[in-house]
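Here's the structure we're looking at; comments come further down.
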Amino acid sequence: MNYDENNIFAKILKGEIPCKKIYEDDFVLSFHDIYPAKKIHALIIPKGKYIDLDDFSINASSEEMVGLFKGINIVAKKLGISTEVGRGYRALTNISNDGGQEVPHLHFHLFGGEKVGKMVE
Ligand code: AMP
């Protein structure tokens, strides 16, 4: 499967579609999910063109990998849900059809601001 240049997150990255931005640096963009499933529901995406976590794990540079994982913590801190402030959250990524992925640009969901339960429906 090739990367779809016109997926919705690619359009957000290109500035063609607006988003409620939380954080941005050289490696990641984070914004609020348009249909929040929990009190806090953020998304964080790498700036590189990666379809999913498998694609990212195989093809991303070490710098991009560090950037994404550091980015998750930075966003959690900004949202006040990180363990540094005694809270917690769920970071989740869906992978391809069987994983329930709808948008084919790698993204982590960050759910928090309340008990998220054992699983997210
Ligand atoms: P997934 O099913 O893991 O691919 O998740 C895709 C997520 O993207 C869903 O939670 C959607 O609500 C969210 N989403 C879709 N379009 C937008 C958008 N324009 N801005 C923010 N979030 C979006």
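How things are named: the first chain in the structure tokens is A, the next is B, and so on; residues count from 1 in each chain; ligands count from 1 in the order shown.
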- Query: When the cut-off is 12 Å and you count only C-alpha atoms and all ligand atoms, which residues lie near ligand 1, shown as a VMD selection string?
  - Reply: chain A and resid 7 to 13 15 to 22 29 to 38 40 to 45 51 to 53 91 to 111 120 to 121
- Task: Please report, as a PyMOL selection string, each residue of chain A to which DSSP assigns alpha helix (DSSP H) when run on this structure's backbone.
- Result: chain A and resi 8-13+53-59+62-79+96-99
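Among the candidates A:Ile74, A:Tyr3, A:Leu68, A:Gly113, the one nearest to Gly88 (chain A) when counting only C-alpha atoms is A:Gly113.
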May I have all residues of chain A that DSSP, computed from the backbone, assigns to strand (DSSP E or B), given as a short mmCIF file (atom, residue, chain, number, x, y, z; two decimals) with all heavy atoms, in the first residue's frame?
data_model
loop_
_atom_site.label_atom_id
_atom_site.label_comp_id
_atom_site.auth_asym_id
_atom_site.auth_seq_id
_atom_site.Cartn_x
_atom_site.Cartn_y
_atom_site.Cartn_z
N LYS A 21 -4.94 23.00 17.12
CA LYS A 21 -3.56 22.61 17.40
C LYS A 21 -3.23 22.64 18.90
O LYS A 21 -3.60 23.58 19.60
CB LYS A 21 -2.60 23.53 16.65
CG LYS A 21 -1.17 23.03 16.64
CD LYS A 21 -0.18 24.07 16.19
CE LYS A 21 -0.26 24.39 14.72
NZ LYS A 21 0.88 25.27 14.30
N ILE A 22 -2.52 21.62 19.34
CA ILE A 22 -2.04 21.56 20.73
C ILE A 22 -0.54 21.83 20.77
O ILE A 22 -0.05 22.56 21.63
CB ILE A 22 -2.33 20.18 21.35
CG1 ILE A 22 -3.83 19.89 21.37
CG2 ILE A 22 -1.74 20.07 22.76
CD1 ILE A 22 -4.18 18.43 21.61
N TYR A 23 0.17 21.26 19.81
CA TYR A 23 1.64 21.34 19.85
C TYR A 23 2.20 21.01 18.47
O TYR A 23 1.63 20.20 17.73
CB TYR A 23 2.19 20.34 20.87
CG TYR A 23 3.69 20.27 20.89
CD1 TYR A 23 4.44 21.31 21.44
CD2 TYR A 23 4.36 19.19 20.32
CE1 TYR A 23 5.83 21.25 21.44
CE2 TYR A 23 5.76 19.13 20.33
CZ TYR A 23 6.48 20.17 20.88
OH TYR A 23 7.85 20.12 20.87
N GLU A 24 3.32 21.64 18.14
CA GLU A 24 4.01 21.33 16.88
C GLU A 24 5.50 21.55 17.05
O GLU A 24 5.93 22.50 17.71
CB GLU A 24 3.48 22.27 15.77
CG GLU A 24 4.13 22.02 14.43
CD GLU A 24 3.48 22.83 13.30
OE1 GLU A 24 2.72 23.79 13.59
OE2 GLU A 24 3.74 22.48 12.14
N VAL A 28 6.62 16.44 14.90
CA VAL A 28 5.22 16.06 15.14
C VAL A 28 4.27 17.26 15.10
O VAL A 28 4.67 18.41 15.29
CB VAL A 28 5.04 15.38 16.53
CG1 VAL A 28 5.82 14.09 16.62
CG2 VAL A 28 5.38 16.33 17.66
N LEU A 29 3.00 16.91 14.87
CA LEU A 29 1.91 17.87 15.04
C LEU A 29 0.88 17.17 15.92
O LEU A 29 0.60 15.98 15.73
CB LEU A 29 1.29 18.21 13.67
CG LEU A 29 0.05 19.10 13.71
CD1 LEU A 29 0.38 20.51 14.22
CD2 LEU A 29 -0.59 19.21 12.32
N SER A 30 0.34 17.92 16.88
CA SER A 30 -0.71 17.36 17.74
C SER A 30 -1.91 18.28 17.73
O SER A 30 -1.77 19.52 17.74
CB SER A 30 -0.18 17.19 19.17
OG SER A 30 -1.22 16.72 20.00
N PHE A 31 -3.08 17.69 17.72
CA PHE A 31 -4.33 18.46 17.68
C PHE A 31 -5.44 17.65 18.33
O PHE A 31 -5.31 16.43 18.51
CB PHE A 31 -4.69 18.86 16.24
CG PHE A 31 -4.64 17.72 15.24
CD1 PHE A 31 -5.75 16.96 14.95
CD2 PHE A 31 -3.43 17.41 14.59
CE1 PHE A 31 -5.69 15.92 14.04
CE2 PHE A 31 -3.36 16.37 13.67
CZ PHE A 31 -4.50 15.62 13.39
N HIS A 32 -6.53 18.34 18.67
CA HIS A 32 -7.66 17.66 19.31
C HIS A 32 -8.44 16.84 18.28
O HIS A 32 -8.65 17.30 17.15
CB HIS A 32 -8.59 18.68 19.97
CG HIS A 32 -7.98 19.34 21.16
ND1 HIS A 32 -7.91 18.74 22.39
CD2 HIS A 32 -7.38 20.56 21.30
CE1 HIS A 32 -7.30 19.55 23.24
NE2 HIS A 32 -6.97 20.66 22.61
N ILE A 40 -10.52 14.22 27.44
CA ILE A 40 -9.40 14.69 26.62
C ILE A 40 -9.11 13.62 25.58
O ILE A 40 -8.96 12.44 25.91
CB ILE A 40 -8.15 14.96 27.47
CG1 ILE A 40 -8.40 16.18 28.38
CG2 ILE A 40 -6.92 15.18 26.59
CD1 ILE A 40 -7.27 16.48 29.35
N HIS A 41 -9.10 14.03 24.33
CA HIS A 41 -8.80 13.10 23.24
C HIS A 41 -7.96 13.86 22.22
O HIS A 41 -8.47 14.62 21.40
CB HIS A 41 -10.10 12.58 22.59
CG HIS A 41 -9.88 11.54 21.53
ND1 HIS A 41 -10.94 10.89 20.91
CD2 HIS A 41 -8.75 11.05 20.96
CE1 HIS A 41 -10.46 10.04 20.02
NE2 HIS A 41 -9.14 10.12 20.02
N ALA A 42 -6.65 13.66 22.32
CA ALA A 42 -5.71 14.33 21.42
C ALA A 42 -5.16 13.33 20.42
O ALA A 42 -5.16 12.12 20.66
CB ALA A 42 -4.57 14.92 22.24
N LEU A 43 -4.71 13.85 19.31
CA LEU A 43 -4.02 13.03 18.32
C LEU A 43 -2.63 13.60 18.15
O LEU A 43 -2.44 14.82 18.25
CB LEU A 43 -4.75 13.08 16.97
CG LEU A 43 -6.17 12.53 16.95
CD1 LEU A 43 -6.85 12.84 15.62
CD2 LEU A 43 -6.19 11.02 17.22
N ILE A 44 -1.66 12.73 17.91
CA ILE A 44 -0.31 13.19 17.60
C ILE A 44 0.19 12.41 16.40
O ILE A 44 0.07 11.19 16.35
CB ILE A 44 0.63 13.09 18.84
CG1 ILE A 44 2.04 13.55 18.46
CG2 ILE A 44 0.63 11.72 19.46
CD1 ILE A 44 2.91 13.87 19.66
N ILE A 45 0.68 13.16 15.42
CA ILE A 45 1.10 12.53 14.16
C ILE A 45 2.54 12.94 13.83
O ILE A 45 2.95 14.08 14.11
CB ILE A 45 0.16 12.90 12.99
CG1 ILE A 45 0.26 14.38 12.61
CG2 ILE A 45 -1.28 12.56 13.34
CD1 ILE A 45 -0.60 14.76 11.39
N PRO A 46 3.29 12.03 13.22
CA PRO A 46 4.62 12.44 12.74
C PRO A 46 4.46 13.31 11.50
O PRO A 46 3.47 13.19 10.78
CB PRO A 46 5.28 11.10 12.39
CG PRO A 46 4.16 10.19 12.04
CD PRO A 46 2.99 10.63 12.88
N TYR A 89 -2.91 8.46 31.30
CA TYR A 89 -3.70 8.50 30.07
C TYR A 89 -3.43 7.23 29.27
O TYR A 89 -2.58 6.41 29.65
CB TYR A 89 -3.33 9.74 29.23
CG TYR A 89 -1.87 9.81 28.83
CD1 TYR A 89 -1.46 9.45 27.56
CD2 TYR A 89 -0.89 10.24 29.73
CE1 TYR A 89 -0.12 9.51 27.19
CE2 TYR A 89 0.45 10.30 29.38
CZ TYR A 89 0.83 9.94 28.11
OH TYR A 89 2.15 9.99 27.74
N ARG A 90 -4.17 7.05 28.21
CA ARG A 90 -3.93 5.92 27.31
C ARG A 90 -3.41 6.44 25.98
O ARG A 90 -4.02 7.36 25.40
CB ARG A 90 -5.22 5.12 27.09
CG ARG A 90 -5.05 4.01 26.03
CD ARG A 90 -6.25 3.08 25.99
NE ARG A 90 -6.38 2.41 27.27
CZ ARG A 90 -7.55 2.07 27.83
NH1 ARG A 90 -8.67 2.34 27.21
NH2 ARG A 90 -7.57 1.46 28.99
N ALA A 91 -2.30 5.87 25.52
CA ALA A 91 -1.78 6.16 24.17
C ALA A 91 -2.06 4.93 23.33
O ALA A 91 -1.72 3.81 23.72
CB ALA A 91 -0.29 6.45 24.24
N LEU A 92 -2.71 5.15 22.19
CA LEU A 92 -3.15 4.01 21.39
C LEU A 92 -2.99 4.33 19.91
O LEU A 92 -3.23 5.46 19.48
CB LEU A 92 -4.63 3.78 21.72
CG LEU A 92 -5.46 2.74 20.99
CD1 LEU A 92 -6.55 2.22 21.92
CD2 LEU A 92 -6.13 3.34 19.75
N PHE A 108 -1.13 8.59 16.98
CA PHE A 108 -1.43 8.07 18.31
C PHE A 108 -2.60 8.87 18.86
O PHE A 108 -2.63 10.10 18.74
CB PHE A 108 -0.23 8.20 19.24
CG PHE A 108 0.74 7.05 19.11
CD1 PHE A 108 1.72 7.06 18.13
CD2 PHE A 108 0.65 5.95 19.95
CE1 PHE A 108 2.61 6.00 17.99
CE2 PHE A 108 1.53 4.88 19.82
CZ PHE A 108 2.51 4.90 18.84
N HIS A 109 -3.55 8.16 19.44
CA HIS A 109 -4.63 8.79 20.21
C HIS A 109 -4.14 8.90 21.65
O HIS A 109 -3.57 7.94 22.19
CB HIS A 109 -5.87 7.90 20.24
CG HIS A 109 -6.50 7.62 18.91
ND1 HIS A 109 -7.67 8.23 18.50
CD2 HIS A 109 -6.13 6.79 17.89
CE1 HIS A 109 -7.99 7.77 17.30
NE2 HIS A 109 -7.09 6.90 16.90
N LEU A 110 -4.36 10.03 22.29
CA LEU A 110 -4.11 10.18 23.72
C LEU A 110 -5.45 10.43 24.39
O LEU A 110 -6.11 11.45 24.12
CB LEU A 110 -3.17 11.34 24.02
CG LEU A 110 -1.80 11.38 23.31
CD1 LEU A 110 -0.94 12.50 23.88
CD2 LEU A 110 -1.07 10.06 23.41
N PHE A 111 -5.89 9.47 25.20
CA PHE A 111 -7.16 9.59 25.91
C PHE A 111 -6.88 9.86 27.38
O PHE A 111 -6.07 9.15 27.99
CB PHE A 111 -7.95 8.27 25.84
CG PHE A 111 -8.30 7.80 24.45
CD1 PHE A 111 -7.58 6.78 23.85
CD2 PHE A 111 -9.36 8.37 23.77
CE1 PHE A 111 -7.92 6.31 22.59
CE2 PHE A 111 -9.70 7.92 22.49
CZ PHE A 111 -8.98 6.89 21.90
N GLY A 112 -7.56 10.85 27.98
CA GLY A 112 -7.34 11.12 29.39
C GLY A 112 -8.30 12.15 29.94
O GLY A 112 -9.37 12.39 29.36
#
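The gap separating CA of Leu79 (chain A) from CA of Phe27 (chain A) is 18.7 Å, in Å to one decimal.
Distances to Gly80 (chain A) were evaluated for A:Glu114, A:Asp26, A:Lys14, A:Asp4 using only C-alpha atoms, and the minimum falls at A:Glu114.
Proximity to Asn6 (chain A) was assessed for A:Glu63, A:Val116, A:Gly71, A:Lys49 counting only C-alpha atoms; the smallest distance is recorded for A:Lys49.
Taking CA of Gly86 (chain A) and CA of Ser62 (chain A) as the two end points, the separation is 29.5 Å.
Going from CA of Gly67 (chain A) to CA of Lys47 (chain A) covers 9.9 Å.
Nearest-residue note for Asn2 (chain A): choosing from A:Lys39, A:Asp25, A:Tyr50, A:Met65, the minimum distance belongs to A:Tyr50, counting only C-alpha atoms.
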